[in-house]
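K.L.:
my_file_0.pdb is reproduced in full below (PDB, C-alpha atoms and all ligand atoms).
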```pdb
ATOM      1  CA  MET R   1       0.000   0.000   0.000  1.00  0.00           C
ATOM      2  CA  ALA R   2       1.280   3.441  -0.901  1.00  0.00           C
ATOM      3  CA  GLN R   3       2.315   5.686   1.982  1.00  0.00           C
ATOM      4  CA  THR R   4      -0.589   8.118   2.014  1.00  0.00           C
ATOM      5  CA  LEU R   5       0.209   9.781   5.320  1.00  0.00           C
ATOM      6  CA  ALA R   6       3.321  11.783   6.049  1.00  0.00           C
ATOM      7  CA  ARG R   7       5.523   9.543   8.157  1.00  0.00           C
ATOM      8  CA  PRO R   8       5.486  11.715  11.343  1.00  0.00           C
ATOM      9  CA  VAL R   9       1.681  11.797  11.181  1.00  0.00           C
ATOM     10  CA  ALA R  10       1.383   8.032  10.732  1.00  0.00           C
ATOM     11  CA  ASN R  11       3.912   7.553  13.515  1.00  0.00           C
ATOM     12  CA  LEU R  12       1.994   9.655  16.058  1.00  0.00           C
ATOM     13  CA  ILE R  13      -1.294   7.979  15.113  1.00  0.00           C
ATOM     14  CA  GLU R  14       0.303   4.591  15.674  1.00  0.00           C
ATOM     15  CA  ILE R  15       1.749   5.623  19.066  1.00  0.00           C
ATOM     16  CA  LEU R  16      -1.455   7.253  20.315  1.00  0.00           C
ATOM     17  CA  SER R  17      -3.531   4.234  19.314  1.00  0.00           C
ATOM     18  CA  ARG R  18      -1.478   2.118  21.731  1.00  0.00           C
ATOM     19  CA  LEU R  19      -2.933   4.105  24.651  1.00  0.00           C
ATOM     20  CA  PRO R  20      -5.730   2.419  26.636  1.00  0.00           C
ATOM     21  CA  GLY R  21      -9.141   3.455  25.364  1.00  0.00           C
ATOM     22  CA  VAL R  22      -7.758   5.131  22.228  1.00  0.00           C
ATOM     23  CA  GLY R  23      -8.570   3.421  18.940  1.00  0.00           C
ATOM     24  CA  PRO R  24      -7.061   4.287  15.532  1.00  0.00           C
ATOM     25  CA  LYS R  25      -9.941   6.677  14.808  1.00  0.00           C
ATOM     26  CA  THR R  26      -9.450   8.739  17.975  1.00  0.00           C
ATOM     27  CA  ALA R  27      -5.678   8.606  17.452  1.00  0.00           C
ATOM     28  CA  SER R  28      -6.095  10.088  13.956  1.00  0.00           C
ATOM     29  CA  ARG R  29      -8.427  12.772  15.224  1.00  0.00           C
ATOM     30  CA  LEU R  30      -6.022  13.758  18.019  1.00  0.00           C
ATOM     31  CA  THR R  31      -3.045  13.780  15.673  1.00  0.00           C
ATOM     32  CA  PHE R  32      -4.696  16.072  13.118  1.00  0.00           C
ATOM     33  CA  TYR R  33      -5.978  18.263  15.924  1.00  0.00           C
ATOM     34  CA  LEU R  34      -2.437  18.659  17.269  1.00  0.00           C
ATOM     35  CA  LEU R  35      -1.159  19.370  13.765  1.00  0.00           C
ATOM     36  CA  ARG R  36      -3.574  22.243  13.230  1.00  0.00           C
ATOM     37  CA  GLU R  37      -3.782  23.581  16.773  1.00  0.00           C
ATOM     38  CA  PRO R  38      -2.171  27.053  16.718  1.00  0.00           C
ATOM     39  CA  ASN R  39      -1.468  27.623  20.430  1.00  0.00           C
ATOM     40  CA  GLY R  40       1.589  25.434  20.845  1.00  0.00           C
ATOM     41  CA  LEU R  41      -0.331  22.527  22.385  1.00  0.00           C
ATOM     42  CA  ALA R  42       1.814  19.971  20.542  1.00  0.00           C
ATOM     43  CA  ILE R  43       5.027  21.503  21.951  1.00  0.00           C
ATOM     44  CA  ALA R  44       3.522  21.757  25.450  1.00  0.00           C
ATOM     45  CA  LEU R  45       2.427  18.133  25.220  1.00  0.00           C
ATOM     46  CA  ALA R  46       5.866  17.006  24.044  1.00  0.00           C
ATOM     47  CA  GLU R  47       7.512  18.867  26.943  1.00  0.00           C
ATOM     48  CA  ALA R  48       5.038  17.475  29.487  1.00  0.00           C
ATOM     49  CA  LEU R  49       5.665  13.940  28.204  1.00  0.00           C
ATOM     50  CA  ALA R  50       9.434  14.386  28.390  1.00  0.00           C
ATOM     51  CA  ALA R  51       9.127  15.687  31.977  1.00  0.00           C
ATOM     52  CA  LEU R  52       6.866  12.776  32.915  1.00  0.00           C
ATOM     53  CA  SER R  53       9.664  10.249  33.090  1.00  0.00           C
ATOM     54  CA  ALA R  54      12.543  12.662  33.764  1.00  0.00           C
ATOM     55  CA  GLY R  55      10.706  14.440  36.600  1.00  0.00           C
ATOM     56  CA  THR R  56       9.218  11.500  38.499  1.00  0.00           C
ATOM     57  CA  VAL R  57      10.523   8.634  40.613  1.00  0.00           C
ATOM     58  CA  LEU R  58       8.918   5.799  42.536  1.00  0.00           C
ATOM     59  CA  CYS R  59       9.016   6.369  46.286  1.00  0.00           C
ATOM     60  CA  GLU R  60      11.426   3.768  47.656  1.00  0.00           C
ATOM     61  CA  ARG R  61       9.110   3.044  50.599  1.00  0.00           C
ATOM     62  CA  CYS R  62       5.537   3.083  49.207  1.00  0.00           C
ATOM     63  CA  PHE R  63       6.238   2.954  45.426  1.00  0.00           C
ATOM     64  CA  ASN R  64       3.892   5.837  44.733  1.00  0.00           C
ATOM     65  CA  VAL R  65       4.860   8.091  41.830  1.00  0.00           C
ATOM     66  CA  ALA R  66       6.449  11.243  43.221  1.00  0.00           C
ATOM     67  CA  GLU R  67       8.915  14.001  42.410  1.00  0.00           C
ATOM     68  CA  ALA R  68      11.286  12.779  45.114  1.00  0.00           C
ATOM     69  CA  SER R  69      11.809   9.753  47.329  1.00  0.00           C
ATOM     70  CA  PRO R  70      10.557   9.443  50.040  1.00  0.00           C
ATOM     71  CA  CYS R  71       7.300  10.888  48.717  1.00  0.00           C
ATOM     72  CA  PRO R  72       5.496  13.718  50.590  1.00  0.00           C
ATOM     73  CA  ILE R  73       3.162  11.219  52.330  1.00  0.00           C
ATOM     74  CA  CYS R  74       5.982   8.965  53.578  1.00  0.00           C
ATOM     75  CA  ALA R  75       7.975  12.024  54.661  1.00  0.00           C
ATOM     76  CA  ASP R  76       5.050  13.624  56.518  1.00  0.00           C
ATOM     77  CA  PRO R  77       5.431  13.243  60.314  1.00  0.00           C
ATOM     78  CA  ALA R  78       1.715  14.015  60.716  1.00  0.00           C
ATOM     79  CA  ARG R  79       0.781  10.833  58.841  1.00  0.00           C
ATOM     80  CA  ASP R  80       0.396   7.629  60.827  1.00  0.00           C
ATOM     81  CA  GLN R  81       3.120   5.371  59.427  1.00  0.00           C
ATOM     82  CA  GLN R  82       1.704   2.545  61.568  1.00  0.00           C
ATOM     83  CA  GLN R  83      -1.190   2.112  59.138  1.00  0.00           C
ATOM     84  CA  ILE R  84      -0.435   0.945  55.629  1.00  0.00           C
ATOM     85  CA  CYS R  85      -3.161   1.102  52.986  1.00  0.00           C
ATOM     86  CA  VAL R  86      -2.324  -1.220  50.074  1.00  0.00           C
ATOM     87  CA  VAL R  87      -3.671  -0.117  46.684  1.00  0.00           C
ATOM     88  CA  GLU R  88      -3.253  -1.302  43.104  1.00  0.00           C
ATOM     89  CA  GLU R  89      -2.382   1.947  41.343  1.00  0.00           C
ATOM     90  CA  PRO R  90      -1.146   5.483  42.086  1.00  0.00           C
ATOM     91  CA  MET R  91      -4.607   6.756  41.018  1.00  0.00           C
ATOM     92  CA  ASP R  92      -6.082   4.782  43.912  1.00  0.00           C
ATOM     93  CA  VAL R  93      -3.944   6.782  46.373  1.00  0.00           C
ATOM     94  CA  LEU R  94      -5.639   9.909  45.038  1.00  0.00           C
ATOM     95  CA  ALA R  95      -9.061   8.267  45.414  1.00  0.00           C
ATOM     96  CA  VAL R  96      -8.413   7.370  49.074  1.00  0.00           C
ATOM     97  CA  GLU R  97      -6.899  10.806  49.748  1.00  0.00           C
ATOM     98  CA  ARG R  98     -10.048  12.456  48.387  1.00  0.00           C
ATOM     99  CA  THR R  99     -12.137  10.724  51.089  1.00  0.00           C
ATOM    100  CA  ASP R 100     -10.091  12.459  53.825  1.00  0.00           C
ATOM    101  CA  ALA R 101     -10.914   9.342  55.913  1.00  0.00           C
ATOM    102  CA  PHE R 102      -7.381   7.915  56.001  1.00  0.00           C
ATOM    103  CA  HIS R 103      -4.264   9.526  57.447  1.00  0.00           C
ATOM    104  CA  GLY R 104      -1.788   6.693  57.303  1.00  0.00           C
ATOM    105  CA  ALA R 105       0.747   5.582  54.704  1.00  0.00           C
ATOM    106  CA  TYR R 106       0.331   3.683  51.436  1.00  0.00           C
ATOM    107  CA  HIS R 107       1.860   0.850  49.480  1.00  0.00           C
ATOM    108  CA  VAL R 108       1.289   0.867  45.725  1.00  0.00           C
ATOM    109  CA  LEU R 109       1.382  -2.586  44.098  1.00  0.00           C
ATOM    110  CA  HIS R 110       1.379  -1.330  40.484  1.00  0.00           C
ATOM    111  CA  GLY R 111      -1.295  -3.758  39.369  1.00  0.00           C
ATOM    112  CA  ALA R 112      -3.288  -6.780  40.490  1.00  0.00           C
ATOM    113  CA  LEU R 113      -2.565 -10.477  40.096  1.00  0.00           C
ATOM    114  CA  SER R 114      -3.845 -11.830  36.796  1.00  0.00           C
ATOM    115  CA  PRO R 115      -2.004 -15.002  35.776  1.00  0.00           C
ATOM    116  CA  ILE R 116      -3.956 -15.126  32.501  1.00  0.00           C
ATOM    117  CA  ASP R 117      -2.332 -11.801  31.539  1.00  0.00           C
ATOM    118  CA  GLY R 118       1.059 -12.886  32.843  1.00  0.00           C
ATOM    119  CA  ILE R 119       0.789 -10.754  36.002  1.00  0.00           C
ATOM    120  CA  TYR R 120       2.365 -12.938  38.679  1.00  0.00           C
ATOM    121  CA  PRO R 121       3.395 -11.830  42.213  1.00  0.00           C
ATOM    122  CA  GLU R 122       6.946 -11.022  41.043  1.00  0.00           C
ATOM    123  CA  LYS R 123       5.557  -8.350  38.710  1.00  0.00           C
ATOM    124  CA  LEU R 124       3.971  -6.461  41.611  1.00  0.00           C
ATOM    125  CA  LYS R 125       5.478  -4.777  44.674  1.00  0.00           C
ATOM    126  CA  ILE R 126       4.332  -7.635  46.919  1.00  0.00           C
ATOM    127  CA  ALA R 127       7.725  -8.902  48.122  1.00  0.00           C
ATOM    128  CA  GLU R 128       8.576  -5.270  48.954  1.00  0.00           C
ATOM    129  CA  LEU R 129       5.364  -4.986  50.984  1.00  0.00           C
ATOM    130  CA  VAL R 130       6.050  -8.188  52.922  1.00  0.00           C
ATOM    131  CA  GLU R 131       9.571  -6.994  53.699  1.00  0.00           C
ATOM    132  CA  ARG R 132       8.310  -3.557  54.721  1.00  0.00           C
ATOM    133  CA  VAL R 133       5.694  -5.057  57.049  1.00  0.00           C
ATOM    134  CA  ARG R 134       8.170  -7.553  58.480  1.00  0.00           C
ATOM    135  CA  THR R 135      10.739  -4.882  59.335  1.00  0.00           C
ATOM    136  CA  SER R 136       8.443  -2.001  60.357  1.00  0.00           C
ATOM    137  CA  GLN R 137       5.734  -4.073  62.141  1.00  0.00           C
ATOM    138  CA  PRO R 138       2.872  -1.601  61.536  1.00  0.00           C
ATOM    139  CA  ALA R 139      -0.314  -1.708  63.634  1.00  0.00           C
ATOM    140  CA  GLU R 140      -2.488  -2.523  60.611  1.00  0.00           C
ATOM    141  CA  VAL R 141      -2.326  -3.318  56.918  1.00  0.00           C
ATOM    142  CA  ILE R 142      -5.491  -2.358  55.010  1.00  0.00           C
ATOM    143  CA  LEU R 143      -5.943  -4.204  51.725  1.00  0.00           C
ATOM    144  CA  ALA R 144      -7.679  -1.680  49.467  1.00  0.00           C
ATOM    145  CA  THR R 145      -7.345  -3.509  46.171  1.00  0.00           C
ATOM    146  CA  ASN R 146     -10.259  -3.175  43.745  1.00  0.00           C
ATOM    147  CA  PRO R 147     -13.479  -5.141  44.370  1.00  0.00           C
ATOM    148  CA  SER R 148     -12.831  -7.160  41.193  1.00  0.00           C
ATOM    149  CA  LEU R 149     -11.826 -10.810  40.785  1.00  0.00           C
ATOM    150  CA  GLU R 150      -8.164  -9.803  40.358  1.00  0.00           C
ATOM    151  CA  GLY R 151      -8.346  -7.397  43.299  1.00  0.00           C
ATOM    152  CA  GLU R 152      -9.860 -10.040  45.598  1.00  0.00           C
ATOM    153  CA  ASN R 153      -7.299 -12.643  44.527  1.00  0.00           C
ATOM    154  CA  THR R 154      -4.504 -10.158  45.123  1.00  0.00           C
ATOM    155  CA  ALA R 155      -5.855  -9.358  48.602  1.00  0.00           C
ATOM    156  CA  SER R 156      -6.072 -13.086  49.484  1.00  0.00           C
ATOM    157  CA  TYR R 157      -2.565 -13.733  48.235  1.00  0.00           C
ATOM    158  CA  ILE R 158      -1.095 -10.820  50.187  1.00  0.00           C
ATOM    159  CA  TYR R 159      -3.008 -11.866  53.303  1.00  0.00           C
ATOM    160  CA  GLN R 160      -1.392 -15.317  53.104  1.00  0.00           C
ATOM    161  CA  GLN R 161       2.028 -13.771  52.593  1.00  0.00           C
ATOM    162  CA  LEU R 162       1.587 -11.490  55.615  1.00  0.00           C
ATOM    163  CA  GLN R 163       0.324 -14.135  58.027  1.00  0.00           C
ATOM    164  CA  ALA R 164       3.800 -14.971  59.298  1.00  0.00           C
ATOM    165  CA  THR R 165       4.389 -11.330  60.282  1.00  0.00           C
ATOM    166  CA  GLY R 166       1.551 -11.431  62.828  1.00  0.00           C
ATOM    167  CA  VAL R 167       0.442  -7.939  61.764  1.00  0.00           C
ATOM    168  CA  PRO R 168      -3.366  -7.423  61.673  1.00  0.00           C
ATOM    169  CA  VAL R 169      -4.685  -7.327  58.102  1.00  0.00           C
ATOM    170  CA  THR R 170      -8.043  -5.812  57.144  1.00  0.00           C
ATOM    171  CA  ARG R 171     -10.001  -5.580  53.912  1.00  0.00           C
ATOM    172  CA  LEU R 172     -12.339  -2.806  52.744  1.00  0.00           C
ATOM    173  CA  ALA R 173     -15.985  -3.442  53.644  1.00  0.00           C
ATOM    174  CA  ARG R 174     -18.162  -4.991  50.993  1.00  0.00           C
ATOM    175  CA  GLY R 175     -20.572  -2.555  49.395  1.00  0.00           C
ATOM    176  CA  LEU R 176     -18.212  -1.163  46.800  1.00  0.00           C
ATOM    177  CA  PRO R 177     -19.604  -1.771  43.326  1.00  0.00           C
ATOM    178  CA  VAL R 178     -18.289  -5.204  42.298  1.00  0.00           C
ATOM    179  CA  GLY R 179     -15.923  -5.054  39.362  1.00  0.00           C
ATOM    180  CA  GLY R 180     -15.532  -1.316  39.864  1.00  0.00           C
ATOM    181  CA  ASP R 181     -12.335   0.588  40.347  1.00  0.00           C
ATOM    182  CA  LEU R 182     -11.494   2.406  43.555  1.00  0.00           C
ATOM    183  CA  GLU R 183     -10.494   5.248  41.331  1.00  0.00           C
ATOM    184  CA  TYR R 184     -14.063   5.745  40.097  1.00  0.00           C
ATOM    185  CA  THR R 185     -15.790   5.181  43.444  1.00  0.00           C
ATOM    186  CA  ASP R 186     -17.352   8.254  44.993  1.00  0.00           C
ATOM    187  CA  GLU R 187     -15.828   9.594  48.216  1.00  0.00           C
ATOM    188  CA  VAL R 188     -18.780   8.743  50.472  1.00  0.00           C
ATOM    189  CA  THR R 189     -18.920   5.087  49.369  1.00  0.00           C
ATOM    190  CA  LEU R 190     -15.162   4.714  49.612  1.00  0.00           C
ATOM    191  CA  SER R 191     -14.887   6.312  53.048  1.00  0.00           C
ATOM    192  CA  ARG R 192     -17.707   4.024  54.307  1.00  0.00           C
ATOM    193  CA  ALA R 193     -15.836   1.019  52.904  1.00  0.00           C
ATOM    194  CA  LEU R 194     -12.722   2.197  54.746  1.00  0.00           C
ATOM    195  CA  GLU R 195     -14.526   2.805  58.033  1.00  0.00           C
ATOM    196  CA  GLY R 196     -16.328  -0.549  57.790  1.00  0.00           C
ATOM    197  CA  ARG R 197     -13.182  -2.535  57.029  1.00  0.00           C
ATOM    198  CA  ARG R 198     -13.045  -6.010  58.549  1.00  0.00           C
ATOM    199  CA  SER R 199     -10.329  -8.390  59.687  1.00  0.00           C
ATOM    200  CA  MET R 200      -9.284 -10.991  57.168  1.00  0.00           C
TER     201      MET R 200
HETATM  202 ZN    ZN V 301       6.092   7.040  49.748  1.00  0.00          ZN
END
```
Kindly return the structure encoded in the file as structure tokens.

P.N.:
Amino acid sequence: MAQTLARPVANLIEILSRLPGVGPKTASRLTFYLLREPNGLAIALAEALAALSAGTVLCERCFNVAEASPCPICADPARDQQQICVVEEPMDVLAVERTDAFHGAYHVLHGALSPIDGIYPEKLKIAELVERVRTSQPAEVILATNPSLEGENTASYIYQQLQATGVPVTRLARGLPVGGDLEYTDEVTLSRALEGRRSM
């Protein structure tokens, strides 16, 4: 097939269409929008993307995405480091923070177990969590993984791994929409799920 698109255009369309939720049609629309947009959006976007990896690190303690390690939450003496809320993704930290119902620390797993997709425990920050709990002996570990099949399996697996530490482990109360993401749960529902958490 003849090359009908200028190569940089085809290239950006191909890259954008690899993003979750963006098909080839949306990718084309975005690319041509950026091409025509007169206010320097394309340059601003390029700079923001370059800064995204250059300007961020993973916190060495909680593995949240931050500008420095330890992150502001881990470094905050007003936060209760004796409570560790375990979440799947950095976006979930924001969701829990929005509830204003939790003032402890976090541990970001960077995913949920899904053997069918090749996501085994080694791919997540689970060994790091077990080591952190073993050495710091917090008062409580709250498993706030999503109320999905993968999230529940991840919570069960972590619970088993933490048993030997003797640290109390709790799980968010049921009542969150099943299959939903913490990230999209409203603050009231999420703070109720946190308050109603139960021992595993
Ligand atoms: Zn941190």

K.L.:
Can you tell me, as a list of chain:residue names, what residues are no more than 9 Å from R:Arg198 when counting all atoms listed in the file, ignoring any on the same chain fewer than 4 positions away?

P.N.:
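Residues meeting the cut-off are R:Val169, R:Thr170, R:Arg171, R:Leu172, R:Ala173.
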
K.L.:
List every residue of chain R that has an atom at most 8 Å from any atom of ligand ZN 301 (chain V), giving for each one its closest atom pair and the distance in Å to one decimal, counting only C-alpha atoms and all ligand atoms, sorted by chain and then by ascending residue number, as CSV.

P.N.:
```
residue,atom,partner,partner_atom,distance
R:Leu58,CA,V:ZN301,ZN,7.8
R:Cys59,CA,V:ZN301,ZN,4.6
R:Glu60,CA,V:ZN301,ZN,6.6
R:Arg61,CA,V:ZN301,ZN,5.1
R:Cys62,CA,V:ZN301,ZN,4.0
R:Phe63,CA,V:ZN301,ZN,5.9
R:Asn64,CA,V:ZN301,ZN,5.6
R:Ala66,CA,V:ZN301,ZN,7.8
R:Ser69,CA,V:ZN301,ZN,6.8
R:Pro70,CA,V:ZN301,ZN,5.1
R:Cys71,CA,V:ZN301,ZN,4.2
R:Pro72,CA,V:ZN301,ZN,6.8
R:Ile73,CA,V:ZN301,ZN,5.7
R:Cys74,CA,V:ZN301,ZN,4.3
R:Ala75,CA,V:ZN301,ZN,7.2
R:Ala105,CA,V:ZN301,ZN,7.4
R:Tyr106,CA,V:ZN301,ZN,6.9
R:His107,CA,V:ZN301,ZN,7.5
```

K.L.:
Using all atoms listed in the file, which of the listed residues (R:Asp186, R:Glu150, R:Met200, R:Thr99) sits closest to R:Gln163?

P.N.:
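Of R:Asp186, R:Glu150, R:Met200, R:Thr99, the one nearest R:Gln163, counting all atoms listed in the file, is R:Met200.
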
K.L.:
Return as a list in words the set of residues that the PyMOL selection byres (((chain R and resi 140) around 7) and not hetatm) yields on the displayed structure.

P.N.:
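Checking the PyMOL selection byres (((chain R and resi 140) around 7) and not hetatm) against this file, the residues are Gln82, Gln83, Ile84, Pro138, Ala139, Val141, Ile142, Val167, Pro168 and Val169 of chain R.
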
K.L.:
List the residues matched by the PyMOL selection byres (((chain R and resi 120-129) around 8) and not hetatm) in the displayed structure as a list in words, ordered by chain and then by residue number.

P.N.:
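For this structure, the PyMOL selection byres (((chain R and resi 120-129) around 8) and not hetatm) captures Phe63, His107, Val108, Leu109, His110, Gly111, Ala112, Leu113, Ser114, Pro115, Gly118, Ile119, Val130, Glu131, Arg132, Val133 and Ile158 of chain R.
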
K.L.:
What gap, in Å, lies between atom CA of R:Gln160 and atom CA of R:Ala101?

P.N.:
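Answer for the atom CA of R:Gln160 to atom CA of R:Ala101 separation: 26.6 Å.
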
K.L.:
Could you work out how far atom CA of R:Ala68 lies from atom CA of R:Met91, giving the answer in Å with one decimal?

P.N.:
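Taking atom CA of R:Met91 as the start and atom CA of R:Ala68 as the end point, the length is 17.5 Å.
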
K.L.:
Measure the distance from atom CA of R:Ala27 to atom CA of R:Leu52 in Å and round it to one decimal.

P.N.:
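A separation of 20.3 Å between them.
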
K.L.:
Tell me which of R:Gln81, R:Ser53, R:Thr165, R:Ser191 sits closest to R:Arg134, counting all atoms listed in the file.

P.N.:
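Smallest distance to R:Arg134 is found for R:Thr165.
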
K.L.:
Name the residues that the PyMOL selection byres (((chain R and resi 187) around 9) and not hetatm) pulls out of this structure, and write them as a PyMOL selection string.

P.N.:
chain R and resi 95-96+98-100+185-186+188-192

K.L.:
So that I can see what lies close to R:Gly151, please list as a PyMOL selection string the residues with an atom at most 9 Å from it, counting only C-alpha atoms and leaving out residues fewer than 2 positions away in the same chain.

P.N.:
chain R and resi 88+111-113+144-149+153-156+179

K.L.:
Please write out, as lines of an AutoDock Vina configuration file, where the centre of an axis-aligned box around all listed atoms of stretch 116-128 of chain R lies and how long its edges are, in Å to one decimal, after adding 6 Å on each side.

P.N.:
```
center_x = 2.3
center_y = -10.0
center_z = 40.2
size_x = 24.5
size_y = 22.3
size_z = 29.4
```

K.L.:
Counting all atoms listed in the file, which of R:Val9, R:Val178, R:Ile15, R:Val57 gets nearest to R:Leu34?

P.N.:
R:Val9

K.L.:
Could you tell me which of R:Leu19, R:Ala48, R:Val93, R:Ala10 comes closest to R:Phe32 if we count only C-alpha atoms?

P.N.:
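Going through R:Leu19, R:Ala48, R:Val93, R:Ala10 one by one, the smallest distance to R:Phe32 is for R:Ala10.
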
K.L.:
Just save stretch 177-191 of chain R with N, CA, C and O atoms, as a PDB file, in the first residue's frame.

P.N.:
```pdb
ATOM      1  N   PRO R 177     -19.065  -1.127  44.527  1.00  0.00           N
ATOM      2  CA  PRO R 177     -19.604  -1.771  43.326  1.00  0.00           C
ATOM      3  C   PRO R 177     -18.639  -2.842  42.813  1.00  0.00           C
ATOM      4  O   PRO R 177     -17.466  -2.557  42.586  1.00  0.00           O
ATOM      5  N   VAL R 178     -19.154  -4.089  42.703  1.00  0.00           N
ATOM      6  CA  VAL R 178     -18.289  -5.204  42.298  1.00  0.00           C
ATOM      7  C   VAL R 178     -17.795  -4.979  40.876  1.00  0.00           C
ATOM      8  O   VAL R 178     -18.544  -4.573  39.997  1.00  0.00           O
ATOM      9  N   GLY R 179     -16.513  -5.234  40.687  1.00  0.00           N
ATOM     10  CA  GLY R 179     -15.923  -5.054  39.362  1.00  0.00           C
ATOM     11  C   GLY R 179     -15.498  -3.618  39.114  1.00  0.00           C
ATOM     12  O   GLY R 179     -14.845  -3.312  38.139  1.00  0.00           O
ATOM     13  N   GLY R 180     -15.875  -2.727  40.050  1.00  0.00           N
ATOM     14  CA  GLY R 180     -15.532  -1.316  39.864  1.00  0.00           C
ATOM     15  C   GLY R 180     -14.120  -1.014  40.306  1.00  0.00           C
ATOM     16  O   GLY R 180     -13.476  -1.820  40.952  1.00  0.00           O
ATOM     17  N   ASP R 181     -13.649   0.133  39.949  1.00  0.00           N
ATOM     18  CA  ASP R 181     -12.335   0.588  40.347  1.00  0.00           C
ATOM     19  C   ASP R 181     -12.481   1.555  41.506  1.00  0.00           C
ATOM     20  O   ASP R 181     -13.393   2.362  41.521  1.00  0.00           O
ATOM     21  N   LEU R 182     -11.534   1.456  42.452  1.00  0.00           N
ATOM     22  CA  LEU R 182     -11.494   2.406  43.555  1.00  0.00           C
ATOM     23  C   LEU R 182     -11.499   3.824  43.022  1.00  0.00           C
ATOM     24  O   LEU R 182     -12.164   4.713  43.519  1.00  0.00           O
ATOM     25  N   GLU R 183     -10.704   3.964  41.976  1.00  0.00           N
ATOM     26  CA  GLU R 183     -10.494   5.248  41.331  1.00  0.00           C
ATOM     27  C   GLU R 183     -11.801   5.944  40.934  1.00  0.00           C
ATOM     28  O   GLU R 183     -11.904   7.160  40.964  1.00  0.00           O
ATOM     29  N   TYR R 184     -12.808   5.150  40.562  1.00  0.00           N
ATOM     30  CA  TYR R 184     -14.063   5.745  40.097  1.00  0.00           C
ATOM     31  C   TYR R 184     -15.158   5.701  41.158  1.00  0.00           C
ATOM     32  O   TYR R 184     -16.304   6.020  40.884  1.00  0.00           O
ATOM     33  N   THR R 185     -14.797   5.268  42.381  1.00  0.00           N
ATOM     34  CA  THR R 185     -15.790   5.181  43.444  1.00  0.00           C
ATOM     35  C   THR R 185     -15.936   6.548  44.100  1.00  0.00           C
ATOM     36  O   THR R 185     -14.949   7.230  44.328  1.00  0.00           O
ATOM     37  N   ASP R 186     -17.174   6.930  44.386  1.00  0.00           N
ATOM     38  CA  ASP R 186     -17.352   8.254  44.993  1.00  0.00           C
ATOM     39  C   ASP R 186     -16.809   8.258  46.422  1.00  0.00           C
ATOM     40  O   ASP R 186     -16.683   7.214  47.059  1.00  0.00           O
ATOM     41  N   GLU R 187     -16.500   9.449  46.915  1.00  0.00           N
ATOM     42  CA  GLU R 187     -15.828   9.594  48.216  1.00  0.00           C
ATOM     43  C   GLU R 187     -16.623   8.991  49.370  1.00  0.00           C
ATOM     44  O   GLU R 187     -16.066   8.388  50.267  1.00  0.00           O
ATOM     45  N   VAL R 188     -17.953   9.203  49.350  1.00  0.00           N
ATOM     46  CA  VAL R 188     -18.780   8.743  50.472  1.00  0.00           C
ATOM     47  C   VAL R 188     -18.745   7.212  50.551  1.00  0.00           C
ATOM     48  O   VAL R 188     -18.501   6.632  51.615  1.00  0.00           O
ATOM     49  N   THR R 189     -18.930   6.555  49.408  1.00  0.00           N
ATOM     50  CA  THR R 189     -18.920   5.087  49.369  1.00  0.00           C
ATOM     51  C   THR R 189     -17.555   4.555  49.797  1.00  0.00           C
ATOM     52  O   THR R 189     -17.466   3.604  50.585  1.00  0.00           O
ATOM     53  N   LEU R 190     -16.506   5.191  49.302  1.00  0.00           N
ATOM     54  CA  LEU R 190     -15.162   4.714  49.612  1.00  0.00           C
ATOM     55  C   LEU R 190     -14.819   4.950  51.084  1.00  0.00           C
ATOM     56  O   LEU R 190     -14.223   4.094  51.730  1.00  0.00           O
ATOM     57  N   SER R 191     -15.227   6.088  51.643  1.00  0.00           N
ATOM     58  CA  SER R 191     -14.887   6.312  53.048  1.00  0.00           C
ATOM     59  C   SER R 191     -15.695   5.387  53.959  1.00  0.00           C
ATOM     60  O   SER R 191     -15.199   4.919  54.975  1.00  0.00           O
TER      61      SER R 191
END
```
